[in-house]
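First up is the structure itself, then whatever we jot down about it.
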Amino acid sequence: MRQSKKQHGMAAAAPIGFTVIMRVEMPNEPGSFGVLASAIGDAGGIIGAVDMGSVSRSAIVRDVTITVPSEPIAEAVRRAVEKIEGVKVVFVSDSTFLAHIGGKIQMEPKVPVKTRQDLSMVYTPGVARVSMAIAADPRKAFQLSIKRNTVGVVTDGTAVLGLGDIGPLGALPVMEGKAMLFKQFAAIDAFPICLDTKDVDEIVDTVEHIAPVFGGINLEDISAPRCFEIERRLVEELDIPVMHDDQHGTAVVILAALINAAQVVGKRMEDLTIVVAGSGAAGTATIKMLLKVGVRDIIPVDRAGAINRSDRYENSHWRWLAEHTNRENRRGSLSEVLRGTDVFIGVSAPGVLQPEAIATMARDPIVFAMANPTPEIMPEIAAPYVAVMATGRSNFPNQVNNLLAFPGIFRGALDSRARRITERMLIAAAKGIASIVGDDERNAEYIIPSVFDARVVDVVAKCVAQAATEDGVARRTLLLTEGEEATVPVPS
């Protein structure tokens, strides 16, 4: 896999394009549109469609749909058009913003209310019988209310991917998107809960108070180390599954990808020496999961270098890592401790991994560079040195994306009415994801299924539900009878 070194440097991340719709008023003269089109093209835009608005003797109004690779190019296109003599930009609409107008989710009734009988059945007086039944036996809430299939997506907006601490309102569109994905991929009704507090006690108390509505809680984009404490306390206090997706969803998909990557290079999981760059929420959860499946030597690295037993740490999570990892007590920078290792897993920052460091790794190195939107090293730079490469991006092979995990994990947890999500359930989810890539399909550019593979959620959900039963946390057992799914209640 080693080739001669090529020229390298920090490559720019490939842009993610979008479209703008520009309404322009221009002179009704021959050649005027050609001038407009040239200005747009010279500024970096690509015209996709032109729609006529209105026409008079002196002026024409057109809606021009333009594809641009980035916001700066979109602004450059606008400035170029505004400089054309006689042309007026009436407005510019961004397709991404248009998709968010009024939010991206809504609530709809499952039962139509068209007659007085309908009304009396779904509301008063008929609903009283259902309410009394639940009050007498709270377990019936799972059968007779939205609790059966609803997840609360809870955040304080302090660690939004790629954006940082942008607050609860700034985080709201992201949480809406998460709710959409729950519905689209796993038919789960999810709702964004954005809390205007960073206080751990207030967050825990609030989630406890609203928990009766939900069958599960998905914690999202809460900064470390507070996220560890919040999750731990909620798992202890609530009788419904709670999962911080930034920790465990990431860890599950990393494990799934690594299971297959190790097979591609012909190495056993227990023989791997792994360096994990980034010791926050995702890195810590990943390390713990890898230890659980038998990996024996993991070296955590943060900004100051390898976490080791010779240094003292105020952070209790780093102290735990120092005591349970880095068997040889290696010290030094990322490039220093990477020498001779088998795997690099990055959940840290752009550009921290250099190709020279990969060249010092063991035979057929595996590199998972998952910083988003710009990875620790760009795949085209790493290519001459790696055997298997994965990133968190959708425009390269082997995208390690939490979307492969959380819909199926919660689908399985809700279907089994699990009291909590256990390590066995998470590992089962990872193995389920990995199993979708068959022996005859697995190769260096296909170690993880697509997020759009329709098999993923079903496989993960069944693996998780079975593991919940084996761990004794399921309140309902799923049985397979002649290809059909049956349910058997489990006594509380």
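Each chain in the structure tokens gets a letter, A, B and so on, in the order shown; residues start at 1 in every chain, and ligands are counted from 1 in the order they appear.
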So that I can check the surroundings of segment 408-410 of chain A, please list as a count of residues only every protein, DNA and RNA residue that reaches within 10 Å of it, counting only C-alpha atoms and ignoring chain neighbours fewer than 6 positions away.
37
List every residue of segment 257-457 of chain A that DSSP, applied to the backbone of this structure, places in strand (DSSP E or B), and write the result as a ChimeraX atom specification.
/A:273-277,297-302,305-306,343-346,366-369,388-391,399,443,446
Between A:Leu163, A:Ala74, A:Ala282, A:Ala468, which has the minimum distance to His248 of chain A (counting only C-alpha atoms)?
A:Ala282
Can you work out which one of A:Leu195, A:Thr250, A:Gly86, A:Pro212 has the shortest atom-to-atom distance to Ile134 of chain A, counting only C-alpha atoms?
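Ranking A:Leu195, A:Thr250, A:Gly86, A:Pro212 by distance to Ile134 of chain A, first place goes to A:Pro212.
Among the candidates A:Leu403, A:Met22, A:Ala304, A:Ile358, the residue lying nearest to Ala382 of chain A is A:Ile358 (atoms considered: only C-alpha atoms).
Shortest separation to Ala262 of chain A among A:Thr158, A:Thr19, A:Asn401, A:Asn443 occurs at residue A:Asn443, atoms counted being only C-alpha atoms.
Residues in contact with Ala39 of chain A at up to 12 Å, not including ones fewer than 4 positions away on its chain and judged by only C-alpha atoms, are A:Ser32, A:Phe33, A:Gly34, A:Val35, A:Ala43, A:Gly44, A:Gly45, A:Ile46, A:Ile47, A:Ile66, A:Ala76, A:Val77, A:Arg78, A:Arg79, A:Ala80, A:Val81, A:Glu82, A:Lys83, A:Ile84, A:Glu85, A:Val87.
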Just-selected residues, N, CA and C atoms written as a PDB file, in the first residue's frame:
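New file out-v4.pdb:
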ATOM      1  N   SER A  32     -29.854  41.132 -23.807  1.00  0.00           N
ATOM      2  CA  SER A  32     -29.745  41.466 -22.382  1.00  0.00           C
ATOM      3  C   SER A  32     -29.583  40.205 -21.524  1.00  0.00           C
ATOM      4  N   PHE A  33     -30.274  39.127 -21.915  1.00  0.00           N
ATOM      5  CA  PHE A  33     -30.140  37.904 -21.119  1.00  0.00           C
ATOM      6  C   PHE A  33     -28.742  37.298 -21.274  1.00  0.00           C
ATOM      7  N   GLY A  34     -28.169  37.409 -22.450  1.00  0.00           N
ATOM      8  CA  GLY A  34     -26.818  36.906 -22.660  1.00  0.00           C
ATOM      9  C   GLY A  34     -25.810  37.594 -21.749  1.00  0.00           C
ATOM     10  N   VAL A  35     -25.970  38.899 -21.584  1.00  0.00           N
ATOM     11  CA  VAL A  35     -25.093  39.633 -20.667  1.00  0.00           C
ATOM     12  C   VAL A  35     -25.268  39.115 -19.243  1.00  0.00           C
ATOM     13  N   ALA A  43     -18.954  34.615 -12.504  1.00  0.00           N
ATOM     14  CA  ALA A  43     -18.861  34.694 -11.042  1.00  0.00           C
ATOM     15  C   ALA A  43     -18.870  33.323 -10.383  1.00  0.00           C
ATOM     16  N   GLY A  44     -19.082  32.249 -11.160  1.00  0.00           N
ATOM     17  CA  GLY A  44     -19.030  30.896 -10.600  1.00  0.00           C
ATOM     18  C   GLY A  44     -20.353  30.197 -10.473  1.00  0.00           C
ATOM     19  N   GLY A  45     -21.447  30.818 -10.956  1.00  0.00           N
ATOM     20  CA  GLY A  45     -22.750  30.174 -10.890  1.00  0.00           C
ATOM     21  C   GLY A  45     -23.089  29.421 -12.159  1.00  0.00           C
ATOM     22  N   ILE A  46     -23.994  28.448 -12.033  1.00  0.00           N
ATOM     23  CA  ILE A  46     -24.459  27.673 -13.191  1.00  0.00           C
ATOM     24  C   ILE A  46     -25.972  27.818 -13.273  1.00  0.00           C
ATOM     25  N   ILE A  47     -26.454  28.324 -14.393  1.00  0.00           N
ATOM     26  CA  ILE A  47     -27.895  28.519 -14.564  1.00  0.00           C
ATOM     27  C   ILE A  47     -28.564  27.177 -14.825  1.00  0.00           C
ATOM     28  N   ILE A  66     -30.066  29.256 -10.030  1.00  0.00           N
ATOM     29  CA  ILE A  66     -28.613  29.195 -10.191  1.00  0.00           C
ATOM     30  C   ILE A  66     -28.027  28.242  -9.161  1.00  0.00           C
ATOM     31  N   ALA A  76     -21.035  36.403  -4.612  1.00  0.00           N
ATOM     32  CA  ALA A  76     -20.301  36.951  -5.761  1.00  0.00           C
ATOM     33  C   ALA A  76     -21.196  37.050  -6.986  1.00  0.00           C
ATOM     34  N   VAL A  77     -22.066  36.045  -7.166  1.00  0.00           N
ATOM     35  CA  VAL A  77     -23.003  36.066  -8.285  1.00  0.00           C
ATOM     36  C   VAL A  77     -23.956  37.246  -8.141  1.00  0.00           C
ATOM     37  N   ARG A  78     -24.449  37.451  -6.944  1.00  0.00           N
ATOM     38  CA  ARG A  78     -25.380  38.568  -6.732  1.00  0.00           C
ATOM     39  C   ARG A  78     -24.704  39.900  -7.035  1.00  0.00           C
ATOM     40  N   ARG A  79     -23.492  40.084  -6.550  1.00  0.00           N
ATOM     41  CA  ARG A  79     -22.791  41.352  -6.788  1.00  0.00           C
ATOM     42  C   ARG A  79     -22.535  41.570  -8.281  1.00  0.00           C
ATOM     43  N   ALA A  80     -22.205  40.474  -8.984  1.00  0.00           N
ATOM     44  CA  ALA A  80     -21.941  40.584 -10.418  1.00  0.00           C
ATOM     45  C   ALA A  80     -23.186  41.018 -11.175  1.00  0.00           C
ATOM     46  N   VAL A  81     -24.335  40.480 -10.796  1.00  0.00           N
ATOM     47  CA  VAL A  81     -25.590  40.834 -11.470  1.00  0.00           C
ATOM     48  C   VAL A  81     -25.971  42.277 -11.158  1.00  0.00           C
ATOM     49  N   GLU A  82     -25.776  42.678  -9.912  1.00  0.00           N
ATOM     50  CA  GLU A  82     -26.137  44.048  -9.521  1.00  0.00           C
ATOM     51  C   GLU A  82     -25.297  45.098 -10.251  1.00  0.00           C
ATOM     52  N   LYS A  83     -24.120  44.704 -10.735  1.00  0.00           N
ATOM     53  CA  LYS A  83     -23.251  45.648 -11.442  1.00  0.00           C
ATOM     54  C   LYS A  83     -23.657  45.854 -12.895  1.00  0.00           C
ATOM     55  N   ILE A  84     -24.534  44.992 -13.416  1.00  0.00           N
ATOM     56  CA  ILE A  84     -24.945  45.125 -14.814  1.00  0.00           C
ATOM     57  C   ILE A  84     -25.843  46.356 -14.961  1.00  0.00           C
ATOM     58  N   GLU A  85     -25.514  47.196 -15.867  1.00  0.00           N
ATOM     59  CA  GLU A  85     -26.285  48.422 -16.069  1.00  0.00           C
ATOM     60  C   GLU A  85     -27.708  48.101 -16.496  1.00  0.00           C
ATOM     61  N   VAL A  87     -29.961  46.492 -14.815  1.00  0.00           N
ATOM     62  CA  VAL A  87     -30.515  45.282 -14.187  1.00  0.00           C
ATOM     63  C   VAL A  87     -30.741  45.528 -12.707  1.00  0.00           C
TER      64      VAL A  87
END
Could you give me, as number ranges by chain, the residues within 12 Å of Asn260 of chain A, counting only C-alpha atoms and dropping anything in the same chain fewer than 4 positions from it?
A: 253-256, 264-269, 366, 388-390, 398, 430-449
May I have all residues of segment 70-246 of chain A that DSSP, computed from the backbone, assigns to helix (DSSP H, G or I), given as an MDAnalysis selection string?
chainID A and resid 71:82 95:100 116:122 127:136 138:144 146:149 167:186 200:213 226:237 245:246
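For the set A:Arg419, A:Arg411, A:Arg296, A:His317, the residue with the smallest atom-to-atom gap to Ala187 of chain A is A:Arg411, counting only C-alpha atoms.
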Would you mind reading off the distance between atom CA of Gly41 of chain A and atom CA of Met26 of chain A, one decimal, in Å?
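We find that atom CA of Gly41 of chain A and atom CA of Met26 of chain A lie 17.3 Å from each other.
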Could you tell me how far atom CA of Leu334 of chain A sits from atom CA of Ala285 of chain A, in Å to one decimal place?
19.6 Å
Let me make sure I understand: among A:Ala474, A:Val122, A:Val20, A:Leu291, which one has the smallest atom-to-atom distance to Ser70 of chain A if we use only C-alpha atoms?
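Among the listed residues, the smallest separation from Ser70 of chain A belongs to A:Val20.
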Neighbour list for Asp63 of chain A as a PDB file with C-alpha atoms, in the first residue's frame, cut-off 10 Å, only C-alpha atoms, skip fewer than 6 positions in-chain:
ATOM      1  CA  VAL A  20     -30.560  30.191  -5.337  1.00  0.00           C
ATOM      2  CA  ILE A  21     -33.485  31.689  -7.176  1.00  0.00           C
ATOM      3  CA  MET A  22     -32.772  35.234  -8.284  1.00  0.00           C
ATOM      4  CA  ARG A  23     -35.596  37.444  -9.532  1.00  0.00           C
ATOM      5  CA  VAL A  24     -34.187  40.099 -11.820  1.00  0.00           C
ATOM      6  CA  GLU A  25     -35.754  42.988 -13.679  1.00  0.00           C
ATOM      7  CA  ALA A  49     -33.625  27.138 -15.184  1.00  0.00           C
ATOM      8  CA  VAL A  50     -35.154  30.428 -16.292  1.00  0.00           C
ATOM      9  CA  ASP A  51     -38.812  31.277 -15.679  1.00  0.00           C
ATOM     10  CA  MET A  52     -40.572  34.301 -17.118  1.00  0.00           C
ATOM     11  CA  GLY A  53     -42.252  36.565 -14.583  1.00  0.00           C
ATOM     12  CA  SER A  54     -43.718  39.548 -16.401  1.00  0.00           C
ATOM     13  CA  VAL A  90     -35.665  42.147  -6.952  1.00  0.00           C
ATOM     14  CA  PHE A  91     -34.903  39.347  -4.461  1.00  0.00           C
ATOM     15  CA  VAL A  92     -32.753  36.257  -3.965  1.00  0.00           C
TER      16      VAL A  92
END
